[in-house]
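One file, work_36.cif, is given below (mmCIF, C-alpha atoms).
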data_coords
loop_
_atom_site.label_atom_id
_atom_site.label_comp_id
_atom_site.auth_asym_id
_atom_site.auth_seq_id
_atom_site.Cartn_x
_atom_site.Cartn_y
_atom_site.Cartn_z
CA MET A 1 75.67 10.42 2.17
CA PHE A 2 74.34 13.93 2.70
CA GLY A 3 71.77 12.68 5.15
CA PHE A 4 68.85 14.14 3.13
CA PHE A 5 66.54 11.27 4.03
CA ASN A 6 67.33 11.25 7.70
CA LYS A 7 66.65 14.92 8.12
CA LYS A 8 64.40 15.51 11.10
CA TYR A 9 60.83 16.49 10.20
CA ASP A 10 58.75 18.05 12.89
CA ASN A 11 55.22 19.36 12.57
CA PRO A 12 53.67 19.88 16.02
CA ALA A 13 50.82 21.91 14.49
CA LEU A 14 49.70 18.88 12.47
CA LEU A 15 49.78 16.64 15.55
CA GLU A 16 47.79 19.17 17.51
CA GLU A 17 45.29 19.49 14.66
CA MET A 18 44.82 15.70 14.50
CA LYS A 19 44.27 15.54 18.25
CA THR A 20 41.70 18.34 18.18
CA ARG A 21 39.90 16.90 15.14
CA GLN A 22 39.71 13.46 16.73
CA GLU A 23 38.32 14.88 19.96
CA ARG A 24 35.80 17.00 18.08
CA TRP A 25 34.75 14.01 15.94
CA PHE A 26 34.27 11.80 18.99
CA ALA A 27 32.32 14.50 20.81
CA PHE A 28 30.16 15.07 17.73
CA LEU A 29 29.31 11.37 17.44
CA ASP A 30 28.67 11.15 21.20
CA LYS A 31 26.15 13.96 20.91
CA LEU A 32 24.53 12.44 17.84
CA GLU A 33 24.26 9.07 19.61
CA ALA A 34 22.71 10.69 22.66
CA ARG A 35 20.11 12.41 20.47
CA MET A 36 19.45 9.19 18.59
CA HIS A 37 18.87 7.22 21.80
CA GLU A 38 16.72 9.97 23.21
CA LEU A 39 14.57 10.06 20.08
CA THR A 40 14.25 6.26 19.92
CA THR A 41 13.35 5.83 23.58
CA ALA A 42 10.84 8.67 23.52
CA ALA A 43 9.24 7.50 20.25
CA ILE A 44 8.62 3.84 21.12
CA PRO A 45 5.56 4.36 23.40
CA GLY A 46 3.97 6.62 20.75
CA LEU A 47 4.64 4.08 18.03
CA GLN A 48 3.03 1.32 20.08
CA GLU A 49 0.05 3.54 20.83
CA ILE A 50 -0.57 4.46 17.20
CA PHE A 51 -0.17 0.82 16.18
CA ASN A 52 -2.83 -0.31 18.66
CA GLN A 53 -5.20 2.50 17.69
CA ASP A 54 -4.73 2.13 13.94
CA ALA A 55 -7.87 0.52 12.50
CA ASP A 56 -6.41 0.30 9.01
CA PRO A 57 -5.71 -3.36 8.11
CA TYR A 58 -2.33 -2.39 6.65
CA LYS A 59 -1.49 -0.26 9.70
CA ARG A 60 -0.61 2.64 7.44
CA ALA A 61 -0.79 5.35 10.12
CA HIS A 62 1.79 3.40 12.13
CA SER A 63 3.86 2.94 9.01
CA ASN A 64 3.75 6.70 8.32
CA MET A 65 5.06 7.48 11.77
CA LEU A 66 7.71 4.78 11.60
CA GLN A 67 8.95 6.07 8.25
CA GLY A 68 9.14 9.60 9.68
CA LEU A 69 11.28 8.39 12.57
CA LEU A 70 13.50 6.25 10.36
CA GLY A 71 13.94 9.30 8.14
CA GLN A 72 15.19 11.27 11.16
CA ILE A 73 17.66 8.52 12.08
CA ASN A 74 18.84 8.25 8.48
CA HIS A 75 19.30 12.00 8.44
CA MET A 76 21.71 11.61 11.38
CA ARG A 77 23.57 8.91 9.48
CA GLN A 78 23.85 11.21 6.47
CA LYS A 79 25.09 14.03 8.65
CA ALA A 80 27.78 11.83 10.21
CA ASN A 81 28.85 10.59 6.77
CA ASP A 82 29.10 14.13 5.42
CA ILE A 83 31.13 15.36 8.38
CA GLN A 84 33.39 12.33 8.15
CA GLU A 85 34.00 13.02 4.49
CA GLU A 86 34.70 16.72 5.04
CA GLN A 87 36.57 16.73 8.32
CA ILE A 88 38.33 13.37 8.45
CA ILE A 89 38.89 11.82 5.02
CA ASP A 90 39.74 15.08 3.25
CA PHE A 91 42.01 16.08 6.12
CA VAL A 92 43.82 12.72 6.02
CA TYR A 93 44.58 13.17 2.30
CA GLN A 94 45.82 16.70 2.87
CA ALA A 95 47.99 15.63 5.81
CA GLU A 96 49.48 12.72 3.87
CA ALA A 97 50.40 15.05 1.06
CA MET A 98 52.01 17.45 3.50
CA VAL A 99 54.38 15.07 5.32
CA PRO A 100 57.49 13.46 3.75
CA VAL A 101 56.97 10.23 1.78
CA VAL A 102 56.30 7.05 3.73
CA THR A 103 59.40 5.31 2.35
CA SER A 104 61.67 7.80 4.11
CA THR A 105 62.54 7.29 7.74
CA VAL A 106 61.33 10.74 8.70
CA GLY A 107 58.00 10.33 6.97
CA ARG A 108 57.17 6.91 8.38
CA ASP A 109 56.48 8.11 11.89
CA TYR A 110 54.08 10.79 10.66
CA HIS A 111 52.34 8.42 8.28
CA ASN A 112 51.85 6.00 11.16
CA ARG A 113 50.36 8.74 13.26
CA ILE A 114 48.02 9.77 10.44
CA MET A 115 47.04 6.14 9.96
CA ASN A 116 46.30 5.80 13.69
CA PHE A 117 44.22 8.96 13.56
CA ARG A 118 42.32 7.70 10.54
CA MET A 119 41.67 4.27 12.05
CA ALA A 120 40.54 5.71 15.39
CA CYS A 121 38.08 8.01 13.61
CA LEU A 122 36.77 5.32 11.26
CA ASN A 123 36.39 2.80 14.09
CA ARG A 124 34.44 5.32 16.11
CA HIS A 125 32.20 5.90 13.09
CA TYR A 126 31.71 2.15 12.72
CA ILE A 127 30.55 1.92 16.33
CA PHE A 128 28.18 4.83 15.71
CA ASP A 129 26.78 3.09 12.63
CA GLU A 130 26.19 -0.12 14.58
CA LYS A 131 24.34 1.79 17.30
CA LEU A 132 22.30 3.58 14.65
CA ASN A 133 21.25 0.26 13.10
CA LYS A 134 20.24 -1.00 16.54
CA CYS A 135 18.08 2.09 17.07
CA MET A 136 16.38 1.52 13.71
CA GLN A 137 15.79 -2.10 14.65
CA ARG A 138 14.31 -1.07 18.00
CA LEU A 139 11.88 1.26 16.23
CA GLN A 140 10.92 -1.36 13.65
CA GLN A 141 10.36 -4.02 16.29
CA ALA A 142 8.71 -1.74 18.83
CA THR A 143 5.25 -3.17 18.22
CA GLY A 144 6.38 -6.79 18.43
CA ALA A 145 5.15 -9.55 16.17
CA ARG A 146 1.45 -9.56 15.40
CA ASP A 147 -0.41 -12.77 16.19
CA LEU A 148 -1.16 -13.67 12.59
CA GLU A 149 -1.98 -17.28 13.44
CA ALA A 150 -4.93 -16.21 15.59
CA ALA A 151 -6.20 -13.86 12.85
CA TYR A 152 -5.88 -16.65 10.27
CA GLN A 153 -7.72 -19.20 12.44
CA GLU A 154 -10.45 -16.63 13.02
CA GLN A 155 -10.86 -16.19 9.26
CA LEU A 156 -11.03 -19.97 8.77
CA ARG A 157 -13.79 -20.19 11.36
CA ALA A 158 -15.60 -17.22 9.79
CA PHE A 159 -15.46 -18.89 6.39
CA GLU A 160 -16.79 -22.20 7.74
CA SER A 161 -19.73 -20.36 9.24
CA ILE A 162 -20.69 -18.54 6.02
CA ARG A 163 -19.76 -20.96 3.24
CA ASP A 164 -23.32 -22.43 2.96
CA LYS A 165 -25.17 -19.16 3.40
CA PHE A 166 -25.04 -17.82 -0.15
CA SER A 167 -27.62 -18.12 -2.85
CA CYS A 168 -27.60 -17.60 -6.58
CA GLN A 169 -28.58 -14.05 -7.47
CA GLN A 170 -30.29 -15.37 -10.63
CA CYS A 171 -32.38 -18.34 -9.46
CA GLY A 172 -32.07 -18.21 -5.68
CA GLY A 173 -30.57 -21.72 -5.44
CA ASN A 174 -28.18 -22.43 -2.57
CA ILE A 175 -24.51 -22.14 -3.36
CA THR A 176 -21.81 -23.69 -1.21
CA ILE A 177 -18.40 -22.10 -1.58
CA GLU A 178 -16.09 -25.08 -2.10
CA LYS A 179 -12.93 -23.52 -0.69
CA MET A 180 -11.72 -20.30 0.83
CA PHE A 181 -11.13 -17.56 -1.74
CA PHE A 182 -8.97 -14.53 -1.07
CA ILE A 183 -9.82 -12.52 -4.18
CA ASP A 184 -13.05 -11.98 -6.14
CA THR A 185 -13.95 -15.05 -8.12
CA TYR A 186 -16.71 -16.51 -10.27
CA VAL A 187 -18.84 -19.19 -8.68
CA THR A 188 -21.16 -21.24 -10.87
CA CYS A 189 -24.68 -21.88 -9.61
CA PRO A 190 -25.21 -25.68 -9.54
CA PHE A 191 -28.85 -25.21 -10.58
CA CYS A 192 -28.99 -22.57 -13.33
CA HIS A 193 -25.23 -22.44 -14.14
CA SER A 194 -25.16 -18.67 -13.90
CA GLN A 195 -21.90 -17.00 -13.07
CA ASN A 196 -22.12 -15.38 -9.67
CA THR A 197 -19.28 -13.21 -8.42
CA PHE A 198 -18.13 -14.04 -4.92
CA SER A 199 -16.36 -11.22 -3.09
CA PRO A 200 -14.52 -12.36 0.02
CA SER A 201 -14.60 -10.30 3.20
CA THR A 202 -11.86 -7.78 4.01
CA GLY A 203 -10.52 -10.18 6.66
CA ALA A 204 -10.24 -13.02 4.14
CA ARG A 205 -8.44 -10.72 1.69
CA MET A 206 -5.95 -9.86 4.41
CA VAL A 207 -5.03 -13.55 4.71
CA LEU A 208 -3.51 -13.33 1.25
CA HIS A 209 -1.63 -10.20 2.27
CA ASP A 210 -0.30 -11.68 5.54
CA ALA A 211 0.31 -15.22 4.26
CA ARG A 212 4.07 -14.90 3.86
CA ALA A 213 4.50 -13.19 7.23
CA LEU A 214 2.46 -15.97 8.83
CA ALA A 215 4.54 -18.65 7.11
CA GLU A 216 7.67 -16.88 8.38
CA GLN A 217 6.25 -16.80 11.90
CA ARG A 218 5.53 -20.51 11.76
CA THR A 219 9.08 -21.30 10.65
CA ALA A 220 10.85 -18.68 12.78
CA HIS A 221 12.74 -21.38 14.75
CA LEU A 222 14.37 -22.62 11.51
CA ARG A 223 15.33 -19.11 10.51
CA GLN A 224 16.82 -18.53 13.94
CA ALA A 225 18.83 -21.76 13.66
CA TYR A 226 20.21 -20.53 10.34
CA GLU A 227 20.98 -17.04 11.59
CA GLU A 228 22.74 -18.33 14.69
CA SER A 229 25.05 -20.63 12.74
CA THR A 230 28.58 -19.26 12.28
CA PRO A 231 29.56 -19.04 9.51
CA ARG A 232 26.01 -18.98 8.20
CA ASP A 233 25.15 -22.41 6.97
CA PRO A 234 23.55 -22.38 3.48
CA GLU A 235 22.05 -25.84 4.10
CA ARG A 236 20.14 -24.57 7.11
CA GLU A 237 18.91 -21.64 5.06
CA LYS A 238 17.69 -24.04 2.40
CA VAL A 239 15.80 -26.04 5.04
CA TYR A 240 14.24 -22.83 6.33
CA LEU A 241 13.24 -21.57 2.89
CA ARG A 242 11.69 -24.91 1.91
CA ALA A 243 9.68 -25.09 5.15
CA MET A 244 8.59 -21.46 4.81
CA ILE A 245 7.39 -21.95 1.22
CA ASP A 246 5.57 -25.16 2.22
CA GLU A 247 3.73 -23.32 4.98
CA TRP A 248 2.93 -20.48 2.56
CA ASN A 249 1.50 -22.98 0.08
CA LYS A 250 -0.60 -24.55 2.81
CA ILE A 251 -2.17 -21.18 3.60
CA ILE A 252 -2.66 -20.10 -0.04
CA PRO A 253 -2.71 -23.27 -2.17
CA ASP A 254 -3.78 -21.25 -5.24
CA MET A 255 -0.45 -19.45 -5.30
CA ALA A 256 1.69 -22.61 -5.02
CA GLU A 257 2.97 -22.38 -8.59
CA GLU A 258 4.04 -18.75 -8.19
CA ASN A 259 5.53 -19.46 -4.76
CA GLU A 260 7.67 -22.24 -6.25
CA LYS A 261 9.06 -19.80 -8.80
CA PHE A 262 9.83 -17.43 -5.97
CA TYR A 263 11.55 -20.28 -4.10
CA GLU A 264 13.74 -20.98 -7.12
CA ARG A 265 14.72 -17.33 -7.19
CA LEU A 266 15.55 -17.34 -3.49
CA LEU A 267 17.80 -20.36 -4.07
CA ARG A 268 19.60 -18.56 -6.88
CA GLU A 269 20.08 -15.53 -4.61
CA GLN A 270 21.28 -17.85 -1.86
CA SER A 271 24.10 -19.21 -4.02
CA PHE A 272 25.06 -15.58 -4.65
CA HIS A 273 25.02 -14.68 -0.93
CA HIS A 274 27.12 -17.68 0.02
CA PHE A 275 29.57 -17.28 -2.84
CA LYS A 276 33.10 -18.15 -1.76
CA MET B 1 17.86 23.60 29.21
CA ALA B 2 17.39 19.81 29.35
CA GLU B 3 13.74 20.29 30.13
CA GLU B 4 13.34 22.60 27.15
CA LYS B 5 14.98 19.96 24.92
CA ASP B 6 12.62 17.29 26.29
CA ASN B 7 9.63 19.50 25.58
CA LYS B 8 10.84 20.11 22.04
CA LEU B 9 11.28 16.39 21.45
CA SER B 10 7.90 15.42 22.86
CA ALA B 11 6.25 18.24 20.87
CA TYR B 12 7.94 16.95 17.71
CA LEU B 13 6.82 13.37 18.42
CA GLU B 14 3.29 14.49 19.13
CA ARG B 15 3.22 16.44 15.85
CA LEU B 16 4.58 13.44 13.97
CA LYS B 17 1.93 11.21 15.53
CA GLN B 18 -0.83 13.64 14.62
CA GLN B 19 0.43 13.91 11.06
CA ALA B 20 0.74 10.15 10.72
CA ALA B 21 -2.79 9.62 12.03
CA THR B 22 -4.43 12.30 9.90
CA GLN B 23 -2.47 11.80 6.69
CA GLN B 24 -4.64 10.62 3.85
CA HIS B 25 -3.80 7.08 2.82
CA TYR B 26 -2.67 6.42 -0.70
CA GLY B 27 -5.53 4.51 -2.34
CA GLY B 28 -8.04 5.76 0.24
CA ASP B 29 -9.33 4.30 3.48
CA ILE B 30 -10.43 0.71 3.69
CA THR B 31 -13.90 0.03 5.02
CA PRO B 32 -14.28 -3.52 6.34
CA GLU B 33 -16.69 -5.49 4.18
CA GLU B 34 -18.46 -8.77 4.65
CA ALA B 35 -18.28 -11.55 2.04
CA LYS B 36 -21.01 -11.19 -0.56
CA MET B 37 -22.40 -12.74 -3.72
CA ASP B 38 -23.27 -10.67 -6.76
CA ILE B 39 -24.21 -11.25 -10.35
CA ARG B 40 -24.09 -9.29 -13.56
CA ASP B 41 -27.02 -9.95 -15.88
CA CYS B 42 -26.82 -9.15 -19.54
CA PRO B 43 -27.94 -5.50 -19.85
CA LYS B 44 -29.26 -6.20 -23.36
CA CYS B 45 -31.42 -9.33 -22.94
CA GLY B 46 -31.50 -9.76 -19.14
CA ALA B 47 -30.15 -13.31 -19.19
CA GLY B 48 -27.74 -14.51 -16.51
CA ARG B 49 -24.16 -15.23 -17.46
CA ALA B 50 -23.75 -18.89 -18.30
CA PHE B 51 -20.41 -20.58 -17.65
CA GLU B 52 -20.32 -23.06 -20.53
CA LYS B 53 -20.08 -20.48 -23.29
CA GLY B 54 -17.41 -18.40 -21.66
CA LEU B 55 -17.39 -15.27 -19.56
CA THR B 56 -16.68 -12.49 -22.00
CA ALA B 57 -19.94 -12.46 -23.97
CA CYS B 58 -23.63 -13.20 -23.36
CA THR B 59 -24.52 -16.76 -24.40
CA TYR B 60 -27.94 -15.73 -25.61
CA CYS B 61 -27.61 -12.41 -27.44
CA GLY B 62 -23.83 -12.09 -27.87
CA PHE B 63 -23.56 -8.88 -25.83
CA VAL B 64 -19.87 -8.30 -25.02
CA PHE B 65 -19.34 -8.10 -21.25
CA MET B 66 -15.65 -7.40 -21.53
CA ASP B 67 -13.67 -6.42 -24.55
CA ILE B 68 -10.48 -8.23 -23.57
CA LYS B 69 -8.92 -11.62 -24.07
CA LEU B 70 -8.66 -13.54 -20.80
CA THR B 71 -5.37 -15.19 -19.96
CA ASP B 72 -4.53 -17.77 -17.31
CA GLY B 73 -4.86 -16.42 -13.79
CA VAL B 74 -5.50 -17.87 -10.34
CA ASN B 75 -9.24 -18.46 -10.82
CA ILE B 76 -9.86 -17.47 -14.43
CA LYS B 77 -8.32 -19.46 -17.26
CA LYS B 78 -7.98 -18.69 -20.94
CA GLU B 79 -10.65 -21.33 -21.66
CA ASN B 80 -13.15 -18.89 -20.14
CA ASN B 81 -13.08 -16.70 -23.28
CA SER B 82 -16.38 -16.84 -25.14
#
Can the structure in the file be given as structure tokens, please?
Amino acid sequence: MFGFFNKKYDNPALLEEMKTRQERWFAFLDKLEARMHELTTAAIPGLQEIFNQDADPYKRAHSNMLQGLLGQINHMRQKANDIQEEQIIDFVYQAEAMVPVVTSTVGRDYHNRIMNFRMACLNRHYIFDEKLNKCMQRLQQATGARDLEAAYQEQLRAFESIRDKFSCQQCGGNITIEKMFFIDTYVTCPFCHSQNTFSPSTGARMVLHDARALAEQRTAHLRQAYEESTPRDPEREKVYLRAMIDEWNKIIPDMAEENEKFYERLLREQSFHHFK
Amino acid sequence: MAEEKDNKLSAYLERLKQQAATQQHYGGDITPEEAKMDIRDCPKCGAGRAFEKGLTACTYCGFVFMDIKLTDGVNIKKENNS
């Protein structure tokens, strides 16, 4: 009756402040994105070069460089998060406390404007985050997939050529290695029954290390089918996981029991991921 | 200005590459090795290790090769205890 709630509220300084903050925030993220793209594009040739030159079987020099670059990108993410917290979120809370309550007619307009400001800033940050993830992906995939199948076939051939060439260190009798081993193992001499220790070559040991990646490469089409389904189809994932584990077991039959346990765990995690 | 920025970036990348290449690997470098066969004779009596009586002690003189109890693994089973 006194018109308290319809009293006009005007705060041009706040509107101006929101406009300036939004512009500054957008400009800041634009700059950060430009730097991120620049860094990614410039780093990829170097990453590929170090990967090709790296003689280490685990490609650790390449991994060191990649981790350094990912650290830089993550630093940018952290910086954007900090600035967002300080300059946007805190400001929104302050502004909301400053204007009349949202239930009043006078306050509604300002609350809507603050909400629009907040959403514009958060959406811009979301776009930045997506671009950042893409940059990280580009760096991680810069070297492309290694041809693990060729390396595995080479090791199979190498094993076939050496399996009959060993002799017992005790009696000198010929020893044939019955199957491919990937870790040191005892081999019994068929003549004197002494325990010889067979140490596989570095290449054969790497088969054990790369077995899962190779199994994933062999079943990549099934994974792709799962990832392209919308919404993601848990049945397709199950088909992929089963095929991947089967391939893994084919490469390393000795680890089949452990791989099955791992498969069971993946299935349990799957029911968690697809929880509705 | 842009050129200076480019130089700074390429210098940083070059430094990072150098560091990555020269950094000592955790666990040391790996030297490629060929497959080989080896044996450990009993240091006490010189006999070879026989499979039937287990792997942890010498069948002939009882010398203890390893002072542990073997459990089931990929290639070694608990039956291999002497």
* Choose the residue, out of B:Ala20, B:Ile39, B:Ile76, B:Cys45, that has the smallest atom-to-atom separation from Thr59 (chain B); count all atoms listed in the file. =>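 Closest to Thr59 (chain B) of all the choices is B:Cys45.
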With a cut-off of 8 Å, could you pull out the residues of chain A touching chain B and give me the nearest pair of atoms for each, distance in Å to one decimal, using only C-alpha atoms, ordered by chain and ascending number, as JSON lines?
{"residue": "A:Leu39", "atom": "CA", "partner": "B:Leu9", "partner_atom": "CA", "distance": 7.3}
{"residue": "A:Ala42", "atom": "CA", "partner": "B:Ser10", "partner_atom": "CA", "distance": 7.4}
{"residue": "A:Ala43", "atom": "CA", "partner": "B:Leu13", "partner_atom": "CA", "distance": 6.6}
{"residue": "A:Gly46", "atom": "CA", "partner": "B:Lys17", "partner_atom": "CA", "distance": 7.2}
{"residue": "A:Ile50", "atom": "CA", "partner": "B:Lys17", "partner_atom": "CA", "distance": 7.4}
{"residue": "A:Asp54", "atom": "CA", "partner": "B:Ala21", "partner_atom": "CA", "distance": 8.0}
{"residue": "A:Asp56", "atom": "CA", "partner": "B:Ile30", "partner_atom": "CA", "distance": 6.7}
{"residue": "A:Pro57", "atom": "CA", "partner": "B:Ile30", "partner_atom": "CA", "distance": 7.6}
{"residue": "A:Arg60", "atom": "CA", "partner": "B:His25", "partner_atom": "CA", "distance": 7.2}
{"residue": "A:Ala61", "atom": "CA", "partner": "B:Ala20", "partner_atom": "CA", "distance": 5.1}
{"residue": "A:His62", "atom": "CA", "partner": "B:Ala20", "partner_atom": "CA", "distance": 7.0}
{"residue": "A:Asn64", "atom": "CA", "partner": "B:Ala20", "partner_atom": "CA", "distance": 5.2}
{"residue": "A:Met65", "atom": "CA", "partner": "B:Ala20", "partner_atom": "CA", "distance": 5.2}
{"residue": "A:Gly68", "atom": "CA", "partner": "B:Leu16", "partner_atom": "CA", "distance": 7.3}
{"residue": "A:Phe166", "atom": "CA", "partner": "B:Met37", "partner_atom": "CA", "distance": 6.7}
{"residue": "A:Ser167", "atom": "CA", "partner": "B:Met37", "partner_atom": "CA", "distance": 7.5}
{"residue": "A:Cys168", "atom": "CA", "partner": "B:Met37", "partner_atom": "CA", "distance": 7.7}
{"residue": "A:Gln169", "atom": "CA", "partner": "B:Ile39", "partner_atom": "CA", "distance": 5.9}
{"residue": "A:Gln170", "atom": "CA", "partner": "B:Gly48", "partner_atom": "CA", "distance": 6.5}
{"residue": "A:Thr185", "atom": "CA", "partner": "B:Asn75", "partner_atom": "CA", "distance": 6.4}
{"residue": "A:Tyr186", "atom": "CA", "partner": "B:Asn75", "partner_atom": "CA", "distance": 7.7}
{"residue": "A:Thr188", "atom": "CA", "partner": "B:Phe51", "partner_atom": "CA", "distance": 6.9}
{"residue": "A:His193", "atom": "CA", "partner": "B:Ala50", "partner_atom": "CA", "distance": 5.7}
{"residue": "A:Ser194", "atom": "CA", "partner": "B:Ala50", "partner_atom": "CA", "distance": 4.6}
{"residue": "A:Gln195", "atom": "CA", "partner": "B:Arg49", "partner_atom": "CA", "distance": 5.2}
{"residue": "A:Asn196", "atom": "CA", "partner": "B:Ile39", "partner_atom": "CA", "distance": 4.7}
{"residue": "A:Thr197", "atom": "CA", "partner": "B:Asp38", "partner_atom": "CA", "distance": 5.0}
{"residue": "A:Phe198", "atom": "CA", "partner": "B:Met37", "partner_atom": "CA", "distance": 4.6}
{"residue": "A:Ser199", "atom": "CA", "partner": "B:Lys36", "partner_atom": "CA", "distance": 5.3}
{"residue": "A:Pro200", "atom": "CA", "partner": "B:Ala35", "partner_atom": "CA", "distance": 4.3}
{"residue": "A:Ser201", "atom": "CA", "partner": "B:Ala35", "partner_atom": "CA", "distance": 4.1}
{"residue": "A:Thr202", "atom": "CA", "partner": "B:Glu33", "partner_atom": "CA", "distance": 5.3}
{"residue": "A:Gly203", "atom": "CA", "partner": "B:Pro32", "partner_atom": "CA", "distance": 7.7}
{"residue": "A:Asp254", "atom": "CA", "partner": "B:Val74", "partner_atom": "CA", "distance": 6.4}
{"residue": "A:Met255", "atom": "CA", "partner": "B:Val74", "partner_atom": "CA", "distance": 7.3}
* Asked: Can you list, as a ChimeraX atom specification, every protein, DNA or RNA residue that comes within 12 Å of Asp67 (chain B) when you count only C-alpha atoms, leaving out same-chain residues fewer than 6 positions away?
  -> /B:55-57,81-82
* Result set, the PyMOL selection byres ((chain A and resi 81) around 12) on current file, as JSON, numbers by chain -> {"A": [25, 28, 29, 74, 75, 76, 77, 78, 79, 80, 82, 83, 84, 85, 86, 87, 88, 89, 121, 122, 125, 126, 128, 129]}
* Asked: Got a sec to check which residues sit within 12 Å of (-2.2, -20.5, -0.6), counting only C-alpha atoms, and write them as a ChimeraX atom specification?
  -> /A:179-183,204-205,207-212,214-215,245-260 /B:74
* To do: Calculate how many Å separate CA of Ser63 (chain A) from CA of Gln140 (chain A), rounding to one decimal.
  =>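 It comes out at 9.5 Å.
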* To do: Tell me, in Å to one decimal, how far CA of Ile44 (chain A) is from CA of Cys135 (chain A).
  =>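 A separation of 10.4 Å between them.
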* CA of Val239 (chain A) and CA of Leu267 (chain A) are how many Å apart? ->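 Interatomic distance, CA of Val239 (chain A) to CA of Leu267 (chain A): 10.9 Å.
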* To do: Identify all residues satisfying the PyMOL selection byres ((chain A and resi 11-16) around 9) in the given file; provide them as a list in words.
  =>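 Evaluating the PyMOL selection byres ((chain A and resi 11-16) around 9) on these coordinates yields Tyr9, Asp10, Glu17, Met18, Lys19, Thr20, Arg21, Ala95, Val99, Tyr110, Arg113 and Ile114 of chain A.
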* Restricting the calculation to all atoms listed in the file, which member of A:Arg242, A:Arg157, A:Leu148, A:Tyr58 is positioned closest to Gly28 (chain B)? -> A:Tyr58
Run the PyMOL selection byres ((chain A and resi 145) around 12) against the file shown and list the residues it catches, as a PDB file with C-alpha atoms, in the coordinates of the input.
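As a result, part-v6.pdb now contains:
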ATOM      1  CA  GLN A  48       3.030   1.320  20.080  1.00  0.00           C
ATOM      2  CA  PHE A  51      -0.170   0.820  16.180  1.00  0.00           C
ATOM      3  CA  GLN A 140      10.920  -1.360  13.650  1.00  0.00           C
ATOM      4  CA  GLN A 141      10.360  -4.020  16.290  1.00  0.00           C
ATOM      5  CA  ALA A 142       8.710  -1.740  18.830  1.00  0.00           C
ATOM      6  CA  THR A 143       5.250  -3.170  18.220  1.00  0.00           C
ATOM      7  CA  GLY A 144       6.380  -6.790  18.430  1.00  0.00           C
ATOM      8  CA  ARG A 146       1.450  -9.560  15.400  1.00  0.00           C
ATOM      9  CA  ASP A 147      -0.410 -12.770  16.190  1.00  0.00           C
ATOM     10  CA  LEU A 148      -1.160 -13.670  12.590  1.00  0.00           C
ATOM     11  CA  GLU A 149      -1.980 -17.280  13.440  1.00  0.00           C
ATOM     12  CA  ALA A 213       4.500 -13.190   7.230  1.00  0.00           C
ATOM     13  CA  LEU A 214       2.460 -15.970   8.830  1.00  0.00           C
ATOM     14  CA  GLU A 216       7.670 -16.880   8.380  1.00  0.00           C
ATOM     15  CA  GLN A 217       6.250 -16.800  11.900  1.00  0.00           C
ATOM     16  CA  ARG A 218       5.530 -20.510  11.760  1.00  0.00           C
ATOM     17  CA  ALA A 220      10.850 -18.680  12.780  1.00  0.00           C
TER      18      ALA A 220
END
* To do: Taking (20.5, -23.5, 8.1) in the file's own coordinates, collect the residues within 10 Å, counting all atoms listed in the file, and hand them back as a VMD selection string.
  => chain A and resid 222 to 229 232 to 241
